[in-house]
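Peer 1: File follows, my_file.cif with mmCIF, C-alpha atoms and all ligand atoms:
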data_query
#
loop_
_atom_site.label_atom_id
_atom_site.label_comp_id
_atom_site.auth_asym_id
_atom_site.auth_seq_id
_atom_site.Cartn_x
_atom_site.Cartn_y
_atom_site.Cartn_z
CA MET A 1 -63.30 14.98 87.96
CA LYS A 2 -65.82 12.10 88.23
CA ALA A 3 -67.69 13.27 85.13
CA THR A 4 -64.42 13.61 83.20
CA THR A 5 -63.31 10.13 84.28
CA ALA A 6 -66.67 8.69 83.27
CA LYS A 7 -66.43 10.39 79.90
CA ILE A 8 -62.95 8.94 79.23
CA ILE A 9 -64.08 5.44 80.25
CA ARG A 10 -67.10 5.73 77.94
CA ARG A 11 -64.94 6.86 75.04
CA LEU A 12 -62.38 4.07 75.67
CA ASP A 13 -65.20 1.63 75.03
CA GLY A 14 -63.75 -1.38 76.83
CA LEU A 15 -60.08 -0.64 76.16
CA MET A 16 -58.43 -0.94 79.57
CA PRO A 17 -54.96 0.63 79.41
CA ARG A 18 -52.65 -0.04 82.34
CA THR A 19 -49.98 2.20 80.86
CA ALA A 20 -50.02 5.87 79.96
CA ILE A 21 -47.20 7.78 78.32
CA ILE A 22 -46.84 11.55 78.56
CA LEU A 23 -45.11 12.82 75.44
CA GLY A 24 -42.52 15.58 75.69
CA SER A 25 -41.75 18.45 73.33
CA GLY A 26 -41.18 17.17 69.82
CA LEU A 27 -41.81 13.56 70.89
CA GLY A 28 -45.30 13.26 69.45
CA GLY A 29 -43.96 10.75 66.87
CA LEU A 30 -45.00 7.86 69.10
CA VAL A 31 -48.61 8.63 68.15
CA ASP A 32 -47.74 7.52 64.58
CA SER A 33 -46.87 4.03 65.84
CA LEU A 34 -50.17 3.71 67.71
CA ASP A 35 -53.23 1.98 66.30
CA VAL A 36 -55.44 4.86 67.31
CA GLU A 37 -58.88 4.01 68.56
CA VAL A 38 -59.85 7.21 70.34
CA ARG A 39 -58.70 10.83 70.29
CA ILE A 40 -60.05 13.23 72.88
CA PRO A 41 -58.83 16.84 72.77
CA PHE A 42 -58.10 18.34 76.20
CA SER A 43 -60.70 20.99 75.34
CA GLY A 44 -63.37 18.27 75.61
CA LEU A 45 -62.22 17.19 79.07
CA GLU A 46 -63.16 19.36 82.01
CA GLY A 47 -60.22 20.19 84.27
CA PHE A 48 -57.64 19.30 81.62
CA PRO A 49 -55.23 22.15 80.85
CA LYS A 50 -55.05 24.07 77.62
CA SER A 51 -51.54 24.23 76.20
CA ALA A 52 -50.25 26.72 73.71
CA VAL A 53 -46.60 25.66 73.35
CA SER A 54 -45.64 25.08 69.75
CA GLY A 55 -44.75 21.44 69.22
CA HIS A 56 -47.49 20.34 71.62
CA SER A 57 -51.12 19.63 70.91
CA GLY A 58 -53.25 18.82 73.91
CA GLU A 59 -55.03 15.54 73.45
CA LEU A 60 -55.50 12.17 75.00
CA VAL A 61 -55.00 9.45 72.41
CA ALA A 62 -55.78 5.83 73.18
CA GLY A 63 -55.19 2.68 71.20
CA LYS A 64 -52.85 -0.27 70.89
CA LEU A 65 -49.09 -0.16 70.73
CA ALA A 66 -47.25 -3.47 70.32
CA GLY A 67 -50.59 -5.13 71.03
CA GLN A 68 -50.98 -3.42 74.40
CA PRO A 69 -53.71 -0.91 75.20
CA VAL A 70 -52.07 2.42 76.05
CA ILE A 71 -52.96 6.05 76.51
CA LEU A 72 -50.72 8.74 75.10
CA ILE A 73 -50.98 12.21 76.55
CA SER A 74 -49.79 14.58 73.91
CA GLY A 75 -49.32 18.23 74.79
CA ARG A 76 -48.48 18.31 78.48
CA VAL A 77 -48.70 21.70 80.07
CA HIS A 78 -45.59 23.22 81.58
CA TYR A 79 -45.25 25.22 84.77
CA TYR A 80 -43.92 28.15 82.76
CA GLU A 81 -47.16 28.52 80.81
CA SER A 82 -49.29 29.66 83.71
CA GLY A 83 -47.19 29.47 86.86
CA ASP A 84 -49.34 26.54 88.00
CA ALA A 85 -47.19 23.57 89.03
CA SER A 86 -50.32 21.43 89.42
CA ALA A 87 -51.54 22.01 85.85
CA MET A 88 -51.34 18.26 85.09
CA ARG A 89 -53.13 17.16 88.27
CA THR A 90 -56.52 16.39 86.72
CA PRO A 91 -55.11 14.36 83.82
CA ILE A 92 -52.95 12.29 86.19
CA GLU A 93 -55.81 11.84 88.65
CA CYS A 94 -58.05 10.68 85.80
CA LEU A 95 -55.44 8.21 84.54
CA ARG A 96 -55.33 6.63 87.98
CA ALA A 97 -59.12 6.64 88.23
CA ILE A 98 -59.55 4.74 84.96
CA GLY A 99 -57.13 2.01 86.06
CA VAL A 100 -53.74 3.09 84.73
CA GLU A 101 -50.89 1.73 86.87
CA ASN A 102 -47.71 2.69 84.97
CA LEU A 103 -46.95 6.25 83.98
CA VAL A 104 -44.09 6.77 81.54
CA LEU A 105 -42.94 10.37 81.32
CA THR A 106 -40.83 11.68 78.47
CA ASN A 107 -39.19 15.02 77.90
CA SER A 108 -36.60 16.86 75.88
CA ALA A 109 -33.62 18.01 77.87
CA GLY A 110 -30.23 19.62 77.73
CA SER A 111 -27.24 17.44 78.60
CA VAL A 112 -24.82 18.55 81.27
CA ASP A 113 -22.43 15.65 80.54
CA ASP A 114 -19.83 15.91 77.78
CA ASP A 115 -20.22 12.24 76.91
CA MET A 116 -24.05 12.33 76.54
CA GLY A 117 -24.62 14.19 73.29
CA PRO A 118 -27.73 15.24 71.36
CA GLY A 119 -29.88 12.27 70.39
CA SER A 120 -29.02 10.31 73.55
CA VAL A 121 -31.79 8.77 75.62
CA MET A 122 -31.40 9.06 79.40
CA GLN A 123 -33.43 7.13 81.91
CA ILE A 124 -34.15 9.43 84.83
CA THR A 125 -33.05 7.73 88.04
CA ASP A 126 -33.72 10.67 90.34
CA HIS A 127 -34.42 14.38 90.14
CA ILE A 128 -33.63 17.72 91.72
CA ASP A 129 -36.57 20.10 92.05
CA PHE A 130 -34.48 23.21 91.53
CA SER A 131 -37.54 25.32 90.70
CA GLY A 132 -38.58 25.01 94.33
CA ARG A 133 -42.20 24.63 93.17
CA ASN A 134 -44.36 21.74 94.20
CA PRO A 135 -47.70 20.70 92.70
CA LEU A 136 -48.98 19.54 96.10
CA ILE A 137 -48.77 22.96 97.74
CA GLY A 138 -52.29 23.65 98.97
CA GLU A 139 -53.28 19.98 99.10
CA PRO A 140 -55.03 19.84 102.49
CA THR A 141 -54.69 16.16 103.38
CA ASP A 142 -51.74 14.38 104.99
CA ASP A 143 -51.39 12.47 101.73
CA ARG A 144 -49.39 15.50 100.57
CA PHE A 145 -46.34 14.18 102.43
CA VAL A 146 -45.36 11.94 99.55
CA GLY A 147 -42.18 9.87 99.93
CA MET A 148 -39.81 10.42 97.03
CA THR A 149 -37.06 7.97 98.01
CA THR A 150 -38.19 5.44 95.40
CA ALA A 151 -40.12 7.76 93.08
CA TYR A 152 -38.68 6.10 89.98
CA ASP A 153 -39.80 2.49 90.07
CA ASP A 154 -36.91 -0.02 90.20
CA ASN A 155 -38.82 -2.85 88.54
CA LEU A 156 -40.03 -0.67 85.69
CA ALA A 157 -36.50 0.69 85.25
CA ALA A 158 -35.06 -2.82 85.05
CA ALA A 159 -37.67 -3.83 82.48
CA MET A 160 -36.83 -0.73 80.41
CA ASP A 161 -33.12 -1.66 80.63
CA SER A 162 -33.83 -5.09 79.20
CA ALA A 163 -36.01 -3.54 76.47
CA ALA A 164 -33.21 -1.14 75.49
CA THR A 165 -30.65 -3.96 75.40
CA LYS A 166 -32.97 -6.02 73.23
CA VAL A 167 -33.24 -3.31 70.58
CA GLY A 168 -29.58 -2.28 70.92
CA VAL A 169 -30.18 1.28 72.09
CA LYS A 170 -27.75 2.74 74.61
CA LEU A 171 -29.69 3.92 77.63
CA TYR A 172 -27.90 6.53 79.71
CA LYS A 173 -28.91 6.97 83.36
CA GLY A 174 -28.94 10.15 85.31
CA VAL A 175 -30.40 12.86 87.45
CA TYR A 176 -32.77 15.40 85.91
CA MET A 177 -32.82 18.90 87.30
CA TRP A 178 -36.01 20.92 86.89
CA PHE A 179 -35.64 24.60 86.03
CA SER A 180 -38.87 26.55 85.67
CA GLY A 181 -38.03 28.03 82.26
CA PRO A 182 -39.16 29.35 79.89
CA SER A 183 -35.80 31.06 79.39
CA PHE A 184 -32.98 28.56 79.07
CA GLU A 185 -30.38 28.26 81.80
CA THR A 186 -27.24 30.36 81.94
CA PRO A 187 -23.76 28.81 81.66
CA ALA A 188 -23.25 29.54 85.39
CA GLU A 189 -26.46 27.68 86.23
CA ILE A 190 -25.28 24.72 84.19
CA ARG A 191 -21.93 24.66 86.00
CA MET A 192 -23.90 24.74 89.26
CA SER A 193 -26.20 21.93 88.13
CA ARG A 194 -23.19 19.75 87.33
CA ILE A 195 -21.68 20.39 90.77
CA LEU A 196 -25.03 19.54 92.38
CA GLY A 197 -25.19 16.20 90.61
CA ALA A 198 -27.41 16.77 87.58
CA ASN A 199 -26.85 15.00 84.28
CA ALA A 200 -29.65 16.69 82.34
CA VAL A 201 -31.71 19.85 82.74
CA GLY A 202 -35.22 20.63 81.60
CA MET A 203 -38.48 22.44 82.19
CA SER A 204 -40.98 19.67 82.89
CA THR A 205 -41.65 16.20 84.31
CA VAL A 206 -40.77 16.75 87.99
CA PRO A 207 -44.23 18.08 88.97
CA GLU A 208 -45.84 15.17 87.14
CA VAL A 209 -43.63 12.64 88.93
CA ILE A 210 -44.68 14.14 92.27
CA LEU A 211 -48.36 14.02 91.25
CA ALA A 212 -48.01 10.48 89.93
CA ARG A 213 -46.54 9.32 93.25
CA PHE A 214 -49.34 11.17 95.09
CA TYR A 215 -51.80 9.06 93.08
CA ASP A 216 -49.69 5.93 93.60
CA LEU A 217 -48.76 5.36 89.98
CA ARG A 218 -45.53 3.54 89.11
CA VAL A 219 -43.19 5.94 87.32
CA ALA A 220 -40.56 5.57 84.63
CA ALA A 221 -39.14 8.70 83.00
CA PHE A 222 -36.86 9.46 80.09
CA SER A 223 -35.08 12.47 78.67
CA VAL A 224 -34.24 12.76 75.02
CA VAL A 225 -31.18 14.97 74.82
CA THR A 226 -31.69 17.67 72.21
CA ASN A 227 -28.61 19.77 72.96
CA TYR A 228 -25.62 20.30 75.18
CA ALA A 229 -26.69 22.64 77.96
CA ALA A 230 -25.91 26.36 77.97
CA GLY A 231 -22.26 27.33 77.74
CA MET A 232 -21.01 23.88 76.77
CA THR A 233 -20.60 24.56 73.05
CA GLY A 234 -20.76 28.32 72.60
CA ASN A 235 -24.01 28.00 70.61
CA GLU A 236 -27.16 29.80 71.69
CA LEU A 237 -30.04 27.44 72.58
CA SER A 238 -33.46 27.56 70.97
CA HIS A 239 -36.82 25.86 71.07
CA ASP A 240 -36.52 25.33 67.30
CA GLU A 241 -33.49 23.16 67.97
CA THR A 242 -35.44 21.19 70.59
CA LYS A 243 -38.26 20.55 68.13
CA GLU A 244 -35.85 19.61 65.36
CA VAL A 245 -33.61 17.22 67.30
CA ALA A 246 -36.22 15.62 69.61
CA PRO A 247 -37.85 13.40 66.97
CA LYS A 248 -34.45 11.92 66.04
CA GLY A 249 -33.59 10.83 69.60
CA GLY A 250 -37.29 10.14 70.06
CA GLU A 251 -37.08 7.31 67.53
CA ASN A 252 -34.71 5.42 69.82
CA LEU A 253 -36.95 6.05 72.81
CA THR A 254 -39.93 4.80 70.80
CA ARG A 255 -38.04 1.58 70.03
CA ILE A 256 -37.32 1.05 73.73
CA LEU A 257 -40.93 1.66 74.73
CA ILE A 258 -42.33 -0.61 72.03
CA SER A 259 -39.87 -3.34 73.02
CA TRP A 260 -40.96 -2.93 76.67
CA LEU A 261 -44.66 -3.13 75.74
CA GLU A 262 -43.99 -6.27 73.71
CA SER A 263 -42.48 -7.87 76.81
CA LEU A 264 -45.60 -7.30 78.95
N1 LIG A 301 -32.59 23.38 79.03
C1 LIG A 301 -33.85 23.26 79.48
N2 LIG A 301 -34.78 22.62 78.83
C2 LIG A 301 -34.45 22.03 77.67
C3 LIG A 301 -33.15 22.12 77.14
C4 LIG A 301 -32.17 22.83 77.87
O1 LIG A 301 -30.98 22.95 77.48
N3 LIG A 301 -33.17 21.45 75.96
C5 LIG A 301 -34.41 20.96 75.80
N4 LIG A 301 -35.21 21.31 76.83
#
Show how you would write the structure in this file as structure tokens.
Peer 2:
Amino acid sequence: MKATTAKIIRRLDGLMPRTAIILGSGLGGLVDSLDVEVRIPFSGLEGFPKSAVSGHSGELVAGKLAGQPVILISGRVHYYESGDASAMRTPIECLRAIGVENLVLTNSAGSVDDDMGPGSVMQITDHIDFSGRNPLIGEPTDDRFVGMTTAYDDNLAAAMDSAATKVGVKLYKGVYMWFSGPSFETPAEIRMSRILGANAVGMSTVPEVILARFYDLRVAAFSVVTNYAAGMTGNELSHDETKEVAPKGGENLTRILISWLESL
């Protein structure tokens, strides 16, 4: 871990990002807005995971966005790839070690709410770890007992609200429910998730939020809705649809994030 951290710091060459953004499926478009200074493939970073999901390429990209130094993590690894909920532990630990304070997580998700259609951007206000997995299982120290009452930072959330208002993008708010995937949910599971209080469902993010809180990073998280969840329209769901729709909603999320960075 120390050698990997040192390598990243060396490659950043004086750039000191306080913000990192983890890009979800089909949301890699943010990289196009970045003045890229450094690209480091995960394969060159010991302890970083290797992802094989189409629509993801594993690399750490650093540069300036709206004048602010930021790190983009493109190609997060999902629990369903290896059954390892802690797959993103080393990247998140390294972000903290190089001085990052804010972690912005993004994902593609299915909407459980009739009035939050494809293309909507939802700020995650809380989550339900329905997978039952936890990335801190096996962590031997008492630090594993991470409080999750205020996992999603209120101040960051308020700043994101202002940023969204400024660029005129409607920002939905809601609870994200983590299913392990990789198969999509069933209509019965979606009815259950609605009863339990979810607004969106997806296959990522929750383990990273837990890890980020373990490493004391401030967290903001967003879902880009790519589809109504299973059983809501009669259509079958597909990863192709996720990849196709995500960049469209992703444009609005990009505008919010750039507006937020400009305000820093
Ligand atoms: N379910 C789970 N994950 C998803 C979905 C969904 O409907 N859409 C995009 N990612």
Peer 1: With a distance cut-off of 6 Å and all atoms listed in the file, select the neighbouring residues of stretch 111-123 of chain A, excluding the residue or stretch itself and same-chain residues fewer than 2 positions from it, and output the selection as a list in words.
Peer 2: Leu171, Tyr172, Lys173, Asn199, Ala200, Phe222, Ser223, Val224, Val225, Thr226, Asn227, Tyr228, Ala229 and Gly249 of chain A
Peer 1: If I wrap all listed atoms of stretch 197-202 of chain A in a box with edges along x, y and z and add 3 Å on each side, what are its centre and edge lengths in Å to one decimal, as AutoDock Vina command-line options?
Peer 2:
--center_x -30.2 --center_y 17.8 --center_z 86.1 --size_x 16.0 --size_y 11.6 --size_z 15.0
Peer 1: If the limit is 10 Å from any atom of ligand LIG 301 (chain A), counting all atoms listed in the file, which residues qualify? Return them as a ChimeraX atom specification.
Peer 2: /A:24-26,107-112,118,177-186,190,200-204,223-231,236-243,245-246
Peer 1: Could you make a table, as a tab-separated table, of the residues of stretch 96-122 of chain A that have an atom within 12 Å of an atom of stretch 67-83 of chain A, each with its nearest atom pair and distance in Å to one decimal, counting only C-alpha atoms, in chain and number order?
Peer 2:
residue	atom	partner	partner_atom	distance
A:Arg96	CA	A:Ile71	CA	11.7
A:Ile98	CA	A:Ile71	CA	10.8
A:Gly99	CA	A:Ile71	CA	11.2
A:Val100	CA	A:Ile71	CA	8.8
A:Glu101	CA	A:Val70	CA	10.9
A:Asn102	CA	A:Val70	CA	9.9
A:Leu103	CA	A:Ile71	CA	9.6
A:Val104	CA	A:Leu72	CA	9.5
A:Leu105	CA	A:Ile73	CA	9.5
A:Thr106	CA	A:Arg76	CA	10.1
A:Asn107	CA	A:Arg76	CA	9.9
Peer 1: Please identify every residue of stretch 116-171 of chain A that has at least one atom no farther than 10 Å from an atom of stretch 206-214 of chain A, counting all atoms listed in the file, and for each give the shortest atom pair and the distance in Å to one decimal, arranged by chain then increasing number, as a tab-separated table.
Peer 2:
residue	atom	partner	partner_atom	distance
A:Asp126	CA	A:Val206	CA	9.6
A:His127	CA	A:Val206	CA	7.1
A:Ile128	CA	A:Val206	CA	8.1
A:Asp129	CA	A:Val206	CA	6.7
A:Phe130	CA	A:Val206	CA	9.7
A:Ser131	CA	A:Val206	CA	9.6
A:Arg133	CA	A:Pro207	CA	8.0
A:Asn134	CA	A:Pro207	CA	6.4
A:Pro135	CA	A:Pro207	CA	5.7
A:Leu136	CA	A:Leu211	CA	7.4
A:Asp143	CA	A:Phe214	CA	7.1
A:Arg144	CA	A:Phe214	CA	7.0
A:Phe145	CA	A:Phe214	CA	8.5
A:Val146	CA	A:Phe214	CA	6.0
A:Gly147	CA	A:Arg213	CA	8.0
A:Met148	CA	A:Ile210	CA	7.8
A:Thr150	CA	A:Arg213	CA	9.5
A:Ala151	CA	A:Arg213	CA	6.6
A:Tyr152	CA	A:Val209	CA	8.3
Peer 1: Mind giving me the straight-line distance from atom CA of A:Ser259 to atom CA of A:Ala163 in Å, one decimal?
Peer 2: 5.2 Å
Peer 1: Looking at A:Asp142, A:Glu46, A:Arg255, A:Arg194, which one is nearest to A:Ala6, with distances taken over all atoms listed in the file?
Peer 2: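 Using all atoms listed in the file, the shortest distance to A:Ala6 belongs to A:Glu46.
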Peer 1: Quick one: stretch 99-118 of chain A with N, CA, C and O atoms, as a PDB file, in the frame of the given file?
Peer 2:
ATOM      1  N   GLY A  99     -57.809   3.309  85.897  1.00  0.00           N
ATOM      2  CA  GLY A  99     -57.130   2.010  86.060  1.00  0.00           C
ATOM      3  C   GLY A  99     -55.702   1.940  85.565  1.00  0.00           C
ATOM      4  O   GLY A  99     -55.099   0.873  85.557  1.00  0.00           O
ATOM      5  N   VAL A 100     -55.151   3.092  85.159  1.00  0.00           N
ATOM      6  CA  VAL A 100     -53.740   3.090  84.730  1.00  0.00           C
ATOM      7  C   VAL A 100     -52.846   2.846  85.953  1.00  0.00           C
ATOM      8  O   VAL A 100     -53.113   3.358  87.043  1.00  0.00           O
ATOM      9  N   GLU A 101     -51.812   2.029  85.761  1.00  0.00           N
ATOM     10  CA  GLU A 101     -50.890   1.730  86.870  1.00  0.00           C
ATOM     11  C   GLU A 101     -49.472   2.241  86.611  1.00  0.00           C
ATOM     12  O   GLU A 101     -48.751   2.558  87.549  1.00  0.00           O
ATOM     13  N   ASN A 102     -49.082   2.257  85.323  1.00  0.00           N
ATOM     14  CA  ASN A 102     -47.710   2.690  84.970  1.00  0.00           C
ATOM     15  C   ASN A 102     -47.769   4.015  84.234  1.00  0.00           C
ATOM     16  O   ASN A 102     -48.486   4.123  83.237  1.00  0.00           O
ATOM     17  N   LEU A 103     -47.027   4.978  84.706  1.00  0.00           N
ATOM     18  CA  LEU A 103     -46.950   6.250  83.980  1.00  0.00           C
ATOM     19  C   LEU A 103     -45.521   6.436  83.476  1.00  0.00           C
ATOM     20  O   LEU A 103     -44.565   6.454  84.260  1.00  0.00           O
ATOM     21  N   VAL A 104     -45.399   6.543  82.165  1.00  0.00           N
ATOM     22  CA  VAL A 104     -44.090   6.770  81.540  1.00  0.00           C
ATOM     23  C   VAL A 104     -44.045   8.227  81.117  1.00  0.00           C
ATOM     24  O   VAL A 104     -44.910   8.691  80.367  1.00  0.00           O
ATOM     25  N   LEU A 105     -43.055   8.939  81.623  1.00  0.00           N
ATOM     26  CA  LEU A 105     -42.940  10.370  81.320  1.00  0.00           C
ATOM     27  C   LEU A 105     -41.757  10.580  80.389  1.00  0.00           C
ATOM     28  O   LEU A 105     -40.682   9.993  80.598  1.00  0.00           O
ATOM     29  N   THR A 106     -41.938  11.397  79.388  1.00  0.00           N
ATOM     30  CA  THR A 106     -40.830  11.680  78.470  1.00  0.00           C
ATOM     31  C   THR A 106     -40.658  13.191  78.345  1.00  0.00           C
ATOM     32  O   THR A 106     -41.614  13.941  78.492  1.00  0.00           O
ATOM     33  N   ASN A 107     -39.431  13.594  78.104  1.00  0.00           N
ATOM     34  CA  ASN A 107     -39.190  15.020  77.900  1.00  0.00           C
ATOM     35  C   ASN A 107     -37.976  15.213  76.992  1.00  0.00           C
ATOM     36  O   ASN A 107     -37.248  14.268  76.693  1.00  0.00           O
ATOM     37  N   SER A 108     -37.821  16.446  76.558  1.00  0.00           N
ATOM     38  CA  SER A 108     -36.600  16.860  75.880  1.00  0.00           C
ATOM     39  C   SER A 108     -35.762  17.590  76.911  1.00  0.00           C
ATOM     40  O   SER A 108     -36.312  18.306  77.744  1.00  0.00           O
ATOM     41  N   ALA A 109     -34.457  17.411  76.830  1.00  0.00           N
ATOM     42  CA  ALA A 109     -33.620  18.010  77.870  1.00  0.00           C
ATOM     43  C   ALA A 109     -32.270  18.412  77.301  1.00  0.00           C
ATOM     44  O   ALA A 109     -31.862  17.954  76.229  1.00  0.00           O
ATOM     45  N   GLY A 110     -31.603  19.261  78.056  1.00  0.00           N
ATOM     46  CA  GLY A 110     -30.230  19.620  77.730  1.00  0.00           C
ATOM     47  C   GLY A 110     -29.293  18.722  78.531  1.00  0.00           C
ATOM     48  O   GLY A 110     -29.567  18.414  79.686  1.00  0.00           O
ATOM     49  N   SER A 111     -28.204  18.290  77.898  1.00  0.00           N
ATOM     50  CA  SER A 111     -27.240  17.440  78.600  1.00  0.00           C
ATOM     51  C   SER A 111     -26.184  18.288  79.287  1.00  0.00           C
ATOM     52  O   SER A 111     -25.656  19.241  78.709  1.00  0.00           O
ATOM     53  N   VAL A 112     -25.850  17.880  80.502  1.00  0.00           N
ATOM     54  CA  VAL A 112     -24.820  18.550  81.270  1.00  0.00           C
ATOM     55  C   VAL A 112     -23.503  17.766  81.149  1.00  0.00           C
ATOM     56  O   VAL A 112     -22.436  18.248  81.499  1.00  0.00           O
ATOM     57  N   ASP A 113     -23.597  16.542  80.637  1.00  0.00           N
ATOM     58  CA  ASP A 113     -22.430  15.650  80.540  1.00  0.00           C
ATOM     59  C   ASP A 113     -21.830  15.680  79.139  1.00  0.00           C
ATOM     60  O   ASP A 113     -22.542  15.485  78.152  1.00  0.00           O
ATOM     61  N   ASP A 114     -20.509  15.860  79.082  1.00  0.00           N
ATOM     62  CA  ASP A 114     -19.830  15.910  77.780  1.00  0.00           C
ATOM     63  C   ASP A 114     -20.029  14.639  76.964  1.00  0.00           C
ATOM     64  O   ASP A 114     -20.062  14.679  75.740  1.00  0.00           O
ATOM     65  N   ASP A 115     -20.144  13.496  77.662  1.00  0.00           N
ATOM     66  CA  ASP A 115     -20.220  12.240  76.910  1.00  0.00           C
ATOM     67  C   ASP A 115     -21.666  11.783  76.642  1.00  0.00           C
ATOM     68  O   ASP A 115     -21.901  10.635  76.272  1.00  0.00           O
ATOM     69  N   MET A 116     -22.649  12.685  76.837  1.00  0.00           N
ATOM     70  CA  MET A 116     -24.050  12.330  76.540  1.00  0.00           C
ATOM     71  C   MET A 116     -24.580  13.390  75.560  1.00  0.00           C
ATOM     72  O   MET A 116     -25.162  14.394  75.949  1.00  0.00           O
ATOM     73  N   GLY A 117     -24.336  13.159  74.292  1.00  0.00           N
ATOM     74  CA  GLY A 117     -24.620  14.190  73.290  1.00  0.00           C
ATOM     75  C   GLY A 117     -26.052  14.191  72.814  1.00  0.00           C
ATOM     76  O   GLY A 117     -26.867  13.350  73.208  1.00  0.00           O
ATOM     77  N   PRO A 118     -26.392  15.159  71.945  1.00  0.00           N
ATOM     78  CA  PRO A 118     -27.730  15.240  71.360  1.00  0.00           C
ATOM     79  C   PRO A 118     -28.132  13.922  70.707  1.00  0.00           C
ATOM     80  O   PRO A 118     -27.311  13.268  70.058  1.00  0.00           O
TER      81      PRO A 118
END
